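Structure file protein-v3.pdb; described as PDB, C-alpha atoms.
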ATOM      1  CA  MET A  25     -42.753 -46.184  21.031
ATOM      2  CA  ALA A  26     -43.650 -49.468  22.674
ATOM      3  CA  SER A  27     -41.034 -51.550  24.429
ATOM      4  CA  LYS A  28     -39.180 -54.181  22.466
ATOM      5  CA  SER A  29     -39.779 -57.892  22.839
ATOM      6  CA  PRO A  30     -37.855 -59.458  25.728
ATOM      7  CA  GLY A  31     -36.312 -62.044  23.433
ATOM      8  CA  ILE A  32     -35.160 -63.150  20.017
ATOM      9  CA  LEU A  33     -37.446 -64.383  17.257
ATOM     10  CA  LYS A  34     -36.412 -67.973  16.450
ATOM     11  CA  LYS A  35     -38.485 -68.437  13.285
ATOM     12  CA  SER A  36     -40.473 -66.318  10.885
ATOM     13  CA  VAL A  37     -44.049 -65.381  11.657
ATOM     14  CA  VAL A  38     -46.386 -65.524   8.670
ATOM     15  CA  MET A  39     -49.416 -63.260   9.024
ATOM     16  CA  VAL A  40     -52.404 -64.958   7.371
ATOM     17  CA  GLY A  41     -56.006 -63.946   6.918
ATOM     18  CA  MET A  42     -58.408 -62.247   4.585
ATOM     19  CA  MET A  43     -57.682 -59.175   2.520
ATOM     20  CA  GLY A  44     -58.355 -56.215   4.774
ATOM     21  CA  SER A  45     -57.646 -58.070   8.018
ATOM     22  CA  GLY A  46     -54.600 -55.884   8.700
ATOM     23  CA  LYS A  47     -51.784 -58.298   7.901
ATOM     24  CA  THR A  48     -49.540 -55.592   6.452
ATOM     25  CA  ALA A  49     -50.315 -52.769   8.898
ATOM     26  CA  VAL A  50     -50.231 -54.988  11.984
ATOM     27  CA  GLY A  51     -47.278 -56.968  10.630
ATOM     28  CA  LYS A  52     -45.194 -53.817  10.153
ATOM     29  CA  PHE A  53     -45.953 -52.627  13.681
ATOM     30  CA  LEU A  54     -45.293 -56.098  15.115
ATOM     31  CA  ALA A  55     -41.933 -56.193  13.337
ATOM     32  CA  THR A  56     -40.942 -52.922  15.032
ATOM     33  CA  LEU A  57     -42.062 -54.258  18.427
ATOM     34  CA  ILE A  58     -39.959 -57.392  18.024
ATOM     35  CA  ASP A  59     -37.161 -55.553  16.186
ATOM     36  CA  VAL A  60     -37.060 -57.809  13.123
ATOM     37  CA  PRO A  61     -37.524 -57.134   9.400
ATOM     38  CA  PHE A  62     -40.974 -57.001   7.809
ATOM     39  CA  VAL A  63     -41.627 -58.497   4.353
ATOM     40  CA  ASP A  64     -44.834 -58.481   2.302
ATOM     41  CA  SER A  65     -45.006 -61.596   0.111
ATOM     42  CA  ASP A  66     -47.207 -59.809  -2.436
ATOM     43  CA  ASP A  67     -44.628 -57.011  -2.754
ATOM     44  CA  GLU A  68     -41.948 -59.632  -3.401
ATOM     45  CA  ILE A  69     -44.036 -61.163  -6.210
ATOM     46  CA  VAL A  70     -44.765 -57.735  -7.726
ATOM     47  CA  ALA A  71     -41.065 -56.836  -7.670
ATOM     48  CA  ALA A  72     -40.016 -60.138  -9.266
ATOM     49  CA  ALA A  73     -42.692 -59.958 -11.985
ATOM     50  CA  ASN A  74     -42.374 -56.192 -12.510
ATOM     51  CA  MET A  75     -46.182 -55.953 -12.687
ATOM     52  CA  SER A  76     -49.083 -55.611 -10.290
ATOM     53  CA  ILE A  77     -50.927 -58.585  -8.841
ATOM     54  CA  ALA A  78     -53.996 -57.606 -10.848
ATOM     55  CA  GLU A  79     -51.861 -57.626 -14.011
ATOM     56  CA  ILE A  80     -50.395 -61.037 -13.123
ATOM     57  CA  PHE A  81     -53.911 -62.429 -12.567
ATOM     58  CA  GLU A  82     -55.097 -60.946 -15.860
ATOM     59  CA  ARG A  83     -52.112 -62.021 -17.950
ATOM     60  CA  ASP A  84     -51.127 -65.358 -16.406
ATOM     61  CA  GLY A  85     -54.098 -66.406 -14.247
ATOM     62  CA  GLU A  86     -54.544 -67.247 -10.593
ATOM     63  CA  ALA A  87     -52.785 -70.647 -10.798
ATOM     64  CA  PHE A  88     -49.592 -68.988 -12.070
ATOM     65  CA  PHE A  89     -49.785 -66.388  -9.297
ATOM     66  CA  ARG A  90     -50.290 -69.072  -6.634
ATOM     67  CA  SER A  91     -47.231 -70.930  -7.904
ATOM     68  CA  ARG A  92     -45.100 -67.767  -7.582
ATOM     69  CA  GLU A  93     -46.564 -67.238  -4.112
ATOM     70  CA  THR A  94     -45.288 -70.663  -3.015
ATOM     71  CA  GLU A  95     -41.812 -69.941  -4.399
ATOM     72  CA  VAL A  96     -41.681 -66.644  -2.536
ATOM     73  CA  ILE A  97     -42.892 -68.004   0.817
ATOM     74  CA  GLU A  98     -40.402 -70.872   0.591
ATOM     75  CA  ARG A  99     -37.546 -68.423  -0.019
ATOM     76  CA  LEU A 100     -38.664 -66.073   2.767
ATOM     77  CA  LEU A 101     -38.987 -68.881   5.301
ATOM     78  CA  THR A 102     -35.361 -69.939   4.742
ATOM     79  CA  ALA A 103     -34.038 -66.390   5.273
ATOM     80  CA  GLN A 104     -33.470 -64.700   8.634
ATOM     81  CA  PRO A 105     -36.502 -64.747  10.944
ATOM     82  CA  CYS A 106     -38.902 -61.925  10.158
ATOM     83  CA  ILE A 107     -42.566 -60.984  10.042
ATOM     84  CA  ILE A 108     -44.139 -61.926   6.701
ATOM     85  CA  SER A 109     -47.463 -60.580   5.476
ATOM     86  CA  ALA A 110     -48.943 -63.279   3.223
ATOM     87  CA  GLY A 111     -51.527 -62.774   0.530
ATOM     88  CA  GLY A 112     -55.041 -63.794   1.562
ATOM     89  CA  GLY A 113     -55.020 -66.977  -0.531
ATOM     90  CA  LEU A 114     -51.535 -68.216   0.349
ATOM     91  CA  PHE A 115     -52.642 -70.251   3.374
ATOM     92  CA  LEU A 116     -55.248 -72.179   1.349
ATOM     93  CA  SER A 117     -52.509 -74.307  -0.195
ATOM     94  CA  GLU A 118     -51.572 -77.402   1.792
ATOM     95  CA  ARG A 119     -48.003 -77.098   0.495
ATOM     96  CA  ASN A 120     -47.769 -73.524   1.816
ATOM     97  CA  ARG A 121     -49.257 -74.517   5.177
ATOM     98  CA  ASP A 122     -46.719 -77.358   5.424
ATOM     99  CA  LEU A 123     -43.836 -75.016   4.551
ATOM    100  CA  ILE A 124     -44.960 -72.545   7.191
ATOM    101  CA  LYS A 125     -45.529 -75.252   9.807
ATOM    102  CA  GLY A 126     -42.086 -76.727   9.125
ATOM    103  CA  GLN A 127     -40.060 -73.525   9.134
ATOM    104  CA  GLY A 128     -42.160 -70.811  10.736
ATOM    105  CA  VAL A 129     -45.369 -70.083  12.550
ATOM    106  CA  SER A 130     -48.709 -68.878  11.198
ATOM    107  CA  LEU A 131     -50.637 -66.086  12.890
ATOM    108  CA  TRP A 132     -54.232 -65.571  11.728
ATOM    109  CA  LEU A 133     -55.644 -62.074  11.995
ATOM    110  CA  LYS A 134     -59.324 -62.906  12.347
ATOM    111  CA  ALA A 135     -61.759 -60.219  11.252
ATOM    112  CA  ASP A 136     -65.490 -60.316  10.543
ATOM    113  CA  LEU A 137     -67.131 -59.512   7.216
ATOM    114  CA  ASN A 138     -68.233 -55.987   8.157
ATOM    115  CA  LEU A 139     -64.728 -54.958   9.195
ATOM    116  CA  LEU A 140     -63.184 -56.522   6.092
ATOM    117  CA  TRP A 141     -65.719 -54.847   3.809
ATOM    118  CA  SER A 142     -65.165 -51.450   5.442
ATOM    119  CA  ARG A 143     -61.452 -51.769   4.667
ATOM    120  CA  VAL A 144     -61.542 -53.106   1.098
ATOM    121  CA  ARG A 145     -64.693 -51.672  -0.484
ATOM    122  CA  HIS A 146     -63.016 -48.558  -1.897
ATOM    123  CA  LYS A 147     -59.922 -50.327  -3.245
ATOM    124  CA  ASN A 148     -59.659 -51.411  -6.853
ATOM    125  CA  THR A 149     -56.456 -53.407  -6.310
ATOM    126  CA  ARG A 150     -58.226 -56.638  -5.309
ATOM    127  CA  PRO A 151     -58.601 -58.808  -8.436
ATOM    128  CA  LEU A 152     -60.844 -61.345  -6.683
ATOM    129  CA  LEU A 153     -63.353 -58.598  -5.880
ATOM    130  CA  ARG A 154     -63.791 -57.449  -9.466
ATOM    131  CA  THR A 155     -67.252 -58.950  -9.626
ATOM    132  CA  PRO A 156     -70.798 -57.577 -10.025
ATOM    133  CA  ASN A 157     -71.340 -57.882  -6.241
ATOM    134  CA  PRO A 158     -67.955 -57.565  -4.494
ATOM    135  CA  ARG A 159     -69.418 -57.683  -0.954
ATOM    136  CA  ALA A 160     -71.136 -60.998  -1.718
ATOM    137  CA  THR A 161     -67.876 -62.244  -3.231
ATOM    138  CA  LEU A 162     -65.985 -61.202  -0.104
ATOM    139  CA  LYS A 163     -68.568 -62.972   2.063
ATOM    140  CA  GLU A 164     -68.172 -66.166   0.016
ATOM    141  CA  LEU A 165     -64.356 -65.950   0.124
ATOM    142  CA  LEU A 166     -64.464 -65.497   3.906
ATOM    143  CA  SER A 167     -66.792 -68.465   4.288
ATOM    144  CA  ASN A 168     -64.639 -70.678   2.054
ATOM    145  CA  ARG A 169     -61.312 -69.615   3.558
ATOM    146  CA  THR A 170     -62.147 -69.598   7.270
ATOM    147  CA  PRO A 171     -61.678 -73.390   7.687
ATOM    148  CA  PHE A 172     -58.132 -72.993   6.332
ATOM    149  CA  TYR A 173     -57.322 -69.976   8.496
ATOM    150  CA  GLU A 174     -58.552 -71.914  11.526
ATOM    151  CA  MET A 175     -55.558 -74.234  10.975
ATOM    152  CA  ALA A 176     -53.163 -71.387  11.854
ATOM    153  CA  ASP A 177     -50.878 -71.862  14.845
ATOM    154  CA  ILE A 178     -52.069 -68.655  16.526
ATOM    155  CA  CYS A 179     -55.264 -66.622  16.196
ATOM    156  CA  VAL A 180     -55.516 -62.938  17.075
ATOM    157  CA  GLU A 181     -58.923 -61.370  16.673
ATOM    158  CA  THR A 182     -59.145 -57.845  15.362
ATOM    159  CA  LYS A 183     -62.113 -55.510  15.749
ATOM    160  CA  PRO A 184     -62.946 -51.997  14.537
ATOM    161  CA  ALA A 185     -62.223 -50.568  18.000
ATOM    162  CA  PHE A 186     -58.710 -52.083  18.060
ATOM    163  CA  SER A 187     -55.888 -49.865  16.838
ATOM    164  CA  ILE A 188     -53.053 -51.258  14.758
ATOM    165  CA  GLU A 189     -50.791 -50.876  17.793
ATOM    166  CA  ALA A 190     -53.201 -52.715  20.125
ATOM    167  CA  THR A 191     -53.597 -55.578  17.657
ATOM    168  CA  ALA A 192     -49.811 -55.804  17.156
ATOM    169  CA  LYS A 193     -49.293 -55.915  20.939
ATOM    170  CA  MET A 194     -51.847 -58.761  21.214
ATOM    171  CA  ALA A 195     -49.926 -60.607  18.494
ATOM    172  CA  GLN A 196     -46.627 -59.930  20.269
ATOM    173  CA  LYS A 197     -48.032 -61.307  23.534
ATOM    174  CA  ALA A 198     -49.300 -64.446  21.768
ATOM    175  CA  LEU A 199     -45.854 -65.012  20.224
ATOM    176  CA  ILE A 200     -44.015 -64.526  23.521
ATOM    177  CA  GLU A 201     -46.302 -67.077  25.172
ATOM    178  CA  ARG A 202     -45.044 -69.662  22.666
ATOM    179  CA  GLN A 203     -41.520 -70.588  23.794
ATOM    180  CA  ASP A 204     -40.752 -72.257  20.461
ATOM    181  CA  ILE A 205     -41.088 -68.907  18.663
ATOM    182  CA  VAL A 206     -39.365 -66.409  20.923
ATOM    183  CA  GLU A 207     -36.207 -67.142  22.875
ATOM    184  CA  VAL A 208     -36.640 -65.141  26.051
ATOM    185  CA  ALA A 209     -33.598 -63.114  27.087
ATOM    186  CA  GLN A 210     -32.224 -63.997  30.515
TER
END
Using structure tokens, write down the structure from this file.
Amino acid sequence: MASKSPGILKKSVVMVGMMGSGKTAVGKFLATLIDVPFVDSDDEIVAAANMSIAEIFERDGEAFFRSRETEVIERLLTAQPCIISAGGGLFLSERNRDLIKGQGVSLWLKADLNLLWSRVRHKNTRPLLRTPNPRATLKELLSNRTPFYEMADICVETKPAFSIEATAKMAQKALIERQDIVEVAQ
């Protein structure tokens, strides 16, 4: 196992980026490196609603889901510092970006279209990709969302050759370099 972070996380880190960018996998590994809890905001919404995200979208619509997403991120940011995997659309909301900026730090896992497509094309759990041409939809989502993701506090690029561990270690290094995020042990 990799060595632990040489400090204490002072505020929550919110992993943002497209579906398939690795927010959950990298976030879980990063949480073990830093020795803090990991929370998936989508899992929190699913647990509270007692239905899948696809079911929430179908029954109540995207606007309802986005409202629940804001409630969840606000609650998570006021709890003990942790690593939070955010749904791909969470960071599009100015309110959510402001909440994160005020109480945490955003870390964008940047991935290109080919990598994203290779990771999501066989999954049927992505309600936004239930279209006649899901790859084209993914391309359009990436194009529309990238300007928002570029507002993140930290960017870590991920590539097919990078393992989950290597990407998590790059994220850990980027966090340690920011003295407002990690209090370095003396």
Within 10 Å of (-55.8, -58.0, 5.3), all atoms listed in the file: residues as a list in words?
Met39, Val40, Gly41, Met42, Met43, Gly44, Ser45, Gly46, Lys47, Thr48, Ala49, Val50, Ser109, Ala110, Gly111, Gly112, Leu133, Lys134, Ala135, Leu140, Arg143 and Val144 of chain A
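Across A:Thr102, A:Ser130, A:Ser65, A:Asn120, the tightest approach to Val38 (chain A) is made by A:Ser130 when counting only C-alpha atoms.
Atom to atom, CA of Val60 (chain A) and CA of Ile205 (chain A) stand 13.0 Å apart.
Excluding region 186-203 of chain A and any residue on its chain fewer than 3 positions from it, the residues at most 9 Å away by all atoms listed in the file are Ala26, Ser29, Pro30, Gly31, Leu33, Val37, Gly46, Ala49, Val50, Gly51, Lys52, Phe53, Leu54, Ala55, Leu57, Ile58, Leu131, Leu133, Ile178, Cys179, Val180, Glu181, Thr182, Lys183, Val206, Glu207 and Val208 of chain A.
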Restrict the selected residues to C-alpha atoms and save them as a compact mmCIF listing (two decimals), in the coordinates of the input.
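Wrote result_4.txt, looks like this:
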# COMPACT_ATOMS: atom_id res chain seq x y z
CA ALA A 26 -43.65 -49.47 22.67
CA SER A 29 -39.78 -57.89 22.84
CA PRO A 30 -37.85 -59.46 25.73
CA GLY A 31 -36.31 -62.04 23.43
CA LEU A 33 -37.45 -64.38 17.26
CA VAL A 37 -44.05 -65.38 11.66
CA GLY A 46 -54.60 -55.88 8.70
CA ALA A 49 -50.32 -52.77 8.90
CA VAL A 50 -50.23 -54.99 11.98
CA GLY A 51 -47.28 -56.97 10.63
CA LYS A 52 -45.19 -53.82 10.15
CA PHE A 53 -45.95 -52.63 13.68
CA LEU A 54 -45.29 -56.10 15.12
CA ALA A 55 -41.93 -56.19 13.34
CA LEU A 57 -42.06 -54.26 18.43
CA ILE A 58 -39.96 -57.39 18.02
CA LEU A 131 -50.64 -66.09 12.89
CA LEU A 133 -55.64 -62.07 12.00
CA ILE A 178 -52.07 -68.66 16.53
CA CYS A 179 -55.26 -66.62 16.20
CA VAL A 180 -55.52 -62.94 17.08
CA GLU A 181 -58.92 -61.37 16.67
CA THR A 182 -59.14 -57.84 15.36
CA LYS A 183 -62.11 -55.51 15.75
CA VAL A 206 -39.36 -66.41 20.92
CA GLU A 207 -36.21 -67.14 22.88
CA VAL A 208 -36.64 -65.14 26.05
Would you list the residues near (-37.9, -64.5, 6.0) (no more than 9 Å away, in the coordinates of the file, using only C-alpha atoms) as JSON, numbers by chain?
{"A": [35, 36, 37, 38, 61, 62, 63, 97, 98, 99, 100, 101, 102, 103, 104, 105, 106, 107, 108, 128]}
Around all listed atoms of region 107-117 of chain A, padded 5 Å per side, what centre and edge lengths does the axis-aligned box have in Å to one decimal, as lines of an AutoDock Vina configuration file?
center_x = -48.9
center_y = -67.4
center_z = 4.8
size_x = 22.7
size_y = 23.7
size_z = 20.6
Given only C-alpha atoms as the basis, pick out the residue of A:Lys34, A:Arg169, A:Leu114, A:Leu162 nearest to Asn138 (chain A).
A:Leu162
Name every residue that the PyMOL selection byres ((chain A and resi 88-90) around 10) selects in this structure, writing the answer as a ChimeraX atom specification with chains first and numbers rising.
/A:66,69,73,77-78,80-81,83-87,91-96,111,113-114,116-117,120
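With distances restricted to all atoms listed in the file, A:Ile124 is the closest residue to Asp177 (chain A) from A:Ile124, A:Leu137, A:Ala160, A:Leu165.
Checking A:Ser76, A:Thr170, A:Thr155, A:Ser142 one by one against Pro184 (chain A), counting all atoms listed in the file, you find the shortest gap at A:Ser142.
Taking CA of Pro158 (chain A) and CA of Arg145 (chain A) as endpoints, the distance between them is 7.8 Å.
Between CA of Ile32 (chain A) and CA of Glu118 (chain A) there is a distance of 28.4 Å.
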As a PDB file, in the frame of the given file, could you write out region 113-134 of chain A once it has been completed with N, CA, C and O atoms?
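So the final result, stored in rebuild_6.pdb, reads:
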ATOM      1  N   GLY A 113     -54.823 -65.609  -0.054  1.00  0.00           N
ATOM      2  CA  GLY A 113     -55.020 -66.977  -0.531  1.00  0.00           C
ATOM      3  C   GLY A 113     -53.865 -67.916  -0.276  1.00  0.00           C
ATOM      4  O   GLY A 113     -53.983 -69.124  -0.476  1.00  0.00           O
ATOM      5  N   LEU A 114     -52.732 -67.395   0.187  1.00  0.00           N
ATOM      6  CA  LEU A 114     -51.535 -68.216   0.349  1.00  0.00           C
ATOM      7  C   LEU A 114     -51.763 -69.406   1.274  1.00  0.00           C
ATOM      8  O   LEU A 114     -51.312 -70.509   1.003  1.00  0.00           O
ATOM      9  N   PHE A 115     -52.485 -69.207   2.355  1.00  0.00           N
ATOM     10  CA  PHE A 115     -52.642 -70.251   3.374  1.00  0.00           C
ATOM     11  C   PHE A 115     -53.636 -71.335   2.962  1.00  0.00           C
ATOM     12  O   PHE A 115     -53.777 -72.340   3.641  1.00  0.00           O
ATOM     13  N   LEU A 116     -54.302 -71.164   1.821  1.00  0.00           N
ATOM     14  CA  LEU A 116     -55.248 -72.179   1.349  1.00  0.00           C
ATOM     15  C   LEU A 116     -54.520 -73.410   0.822  1.00  0.00           C
ATOM     16  O   LEU A 116     -55.068 -74.509   0.821  1.00  0.00           O
ATOM     17  N   SER A 117     -53.302 -73.224   0.380  1.00  0.00           N
ATOM     18  CA  SER A 117     -52.509 -74.307  -0.195  1.00  0.00           C
ATOM     19  C   SER A 117     -51.909 -75.179   0.908  1.00  0.00           C
ATOM     20  O   SER A 117     -51.216 -74.684   1.803  1.00  0.00           O
ATOM     21  N   GLU A 118     -52.147 -76.475   0.812  1.00  0.00           N
ATOM     22  CA  GLU A 118     -51.572 -77.402   1.792  1.00  0.00           C
ATOM     23  C   GLU A 118     -50.054 -77.329   1.786  1.00  0.00           C
ATOM     24  O   GLU A 118     -49.412 -77.384   2.833  1.00  0.00           O
ATOM     25  N   ARG A 119     -49.468 -77.210   0.596  1.00  0.00           N
ATOM     26  CA  ARG A 119     -48.003 -77.098   0.495  1.00  0.00           C
ATOM     27  C   ARG A 119     -47.507 -75.879   1.264  1.00  0.00           C
ATOM     28  O   ARG A 119     -46.532 -75.955   2.008  1.00  0.00           O
ATOM     29  N   ASN A 120     -48.174 -74.737   1.095  1.00  0.00           N
ATOM     30  CA  ASN A 120     -47.769 -73.524   1.816  1.00  0.00           C
ATOM     31  C   ASN A 120     -47.939 -73.685   3.320  1.00  0.00           C
ATOM     32  O   ASN A 120     -47.072 -73.271   4.095  1.00  0.00           O
ATOM     33  N   ARG A 121     -49.052 -74.288   3.735  1.00  0.00           N
ATOM     34  CA  ARG A 121     -49.257 -74.517   5.177  1.00  0.00           C
ATOM     35  C   ARG A 121     -48.160 -75.418   5.730  1.00  0.00           C
ATOM     36  O   ARG A 121     -47.635 -75.170   6.825  1.00  0.00           O
ATOM     37  N   ASP A 122     -47.791 -76.455   4.982  1.00  0.00           N
ATOM     38  CA  ASP A 122     -46.719 -77.358   5.424  1.00  0.00           C
ATOM     39  C   ASP A 122     -45.374 -76.635   5.511  1.00  0.00           C
ATOM     40  O   ASP A 122     -44.601 -76.857   6.451  1.00  0.00           O
ATOM     41  N   LEU A 123     -45.085 -75.793   4.521  1.00  0.00           N
ATOM     42  CA  LEU A 123     -43.836 -75.016   4.551  1.00  0.00           C
ATOM     43  C   LEU A 123     -43.795 -74.127   5.782  1.00  0.00           C
ATOM     44  O   LEU A 123     -42.780 -74.068   6.484  1.00  0.00           O
ATOM     45  N   ILE A 124     -44.900 -73.451   6.037  1.00  0.00           N
ATOM     46  CA  ILE A 124     -44.960 -72.545   7.191  1.00  0.00           C
ATOM     47  C   ILE A 124     -44.837 -73.334   8.487  1.00  0.00           C
ATOM     48  O   ILE A 124     -44.082 -72.966   9.385  1.00  0.00           O
ATOM     49  N   LYS A 125     -45.571 -74.423   8.591  1.00  0.00           N
ATOM     50  CA  LYS A 125     -45.529 -75.252   9.807  1.00  0.00           C
ATOM     51  C   LYS A 125     -44.107 -75.783  10.058  1.00  0.00           C
ATOM     52  O   LYS A 125     -43.650 -75.828  11.199  1.00  0.00           O
ATOM     53  N   GLY A 126     -43.422 -76.153   8.988  1.00  0.00           N
ATOM     54  CA  GLY A 126     -42.086 -76.727   9.125  1.00  0.00           C
ATOM     55  C   GLY A 126     -40.997 -75.723   9.457  1.00  0.00           C
ATOM     56  O   GLY A 126     -40.021 -76.063  10.116  1.00  0.00           O
ATOM     57  N   GLN A 127     -41.157 -74.483   8.986  1.00  0.00           N
ATOM     58  CA  GLN A 127     -40.060 -73.525   9.134  1.00  0.00           C
ATOM     59  C   GLN A 127     -40.452 -72.217   9.810  1.00  0.00           C
ATOM     60  O   GLN A 127     -39.597 -71.366  10.028  1.00  0.00           O
ATOM     61  N   GLY A 128     -41.717 -72.060  10.129  1.00  0.00           N
ATOM     62  CA  GLY A 128     -42.160 -70.811  10.736  1.00  0.00           C
ATOM     63  C   GLY A 128     -43.361 -71.044  11.616  1.00  0.00           C
ATOM     64  O   GLY A 128     -43.571 -72.148  12.119  1.00  0.00           O
ATOM     65  N   VAL A 129     -44.135 -70.008  11.775  1.00  0.00           N
ATOM     66  CA  VAL A 129     -45.369 -70.083  12.550  1.00  0.00           C
ATOM     67  C   VAL A 129     -46.401 -69.193  11.859  1.00  0.00           C
ATOM     68  O   VAL A 129     -46.070 -68.135  11.330  1.00  0.00           O
ATOM     69  N   SER A 130     -47.640 -69.655  11.822  1.00  0.00           N
ATOM     70  CA  SER A 130     -48.709 -68.878  11.198  1.00  0.00           C
ATOM     71  C   SER A 130     -49.520 -68.161  12.267  1.00  0.00           C
ATOM     72  O   SER A 130     -49.835 -68.729  13.305  1.00  0.00           O
ATOM     73  N   LEU A 131     -49.836 -66.897  11.983  1.00  0.00           N
ATOM     74  CA  LEU A 131     -50.637 -66.086  12.890  1.00  0.00           C
ATOM     75  C   LEU A 131     -51.805 -65.527  12.091  1.00  0.00           C
ATOM     76  O   LEU A 131     -51.611 -64.717  11.191  1.00  0.00           O
ATOM     77  N   TRP A 132     -53.015 -65.980  12.426  1.00  0.00           N
ATOM     78  CA  TRP A 132     -54.232 -65.571  11.728  1.00  0.00           C
ATOM     79  C   TRP A 132     -54.792 -64.314  12.358  1.00  0.00           C
ATOM     80  O   TRP A 132     -55.103 -64.298  13.549  1.00  0.00           O
ATOM     81  N   LEU A 133     -54.923 -63.266  11.566  1.00  0.00           N
ATOM     82  CA  LEU A 133     -55.644 -62.074  11.995  1.00  0.00           C
ATOM     83  C   LEU A 133     -57.099 -62.273  11.595  1.00  0.00           C
ATOM     84  O   LEU A 133     -57.453 -62.175  10.428  1.00  0.00           O
ATOM     85  N   LYS A 134     -57.912 -62.578  12.569  1.00  0.00           N
ATOM     86  CA  LYS A 134     -59.324 -62.906  12.347  1.00  0.00           C
ATOM     87  C   LYS A 134     -60.157 -61.625  12.399  1.00  0.00           C
ATOM     88  O   LYS A 134     -60.115 -60.891  13.386  1.00  0.00           O
TER      89      LYS A 134
END
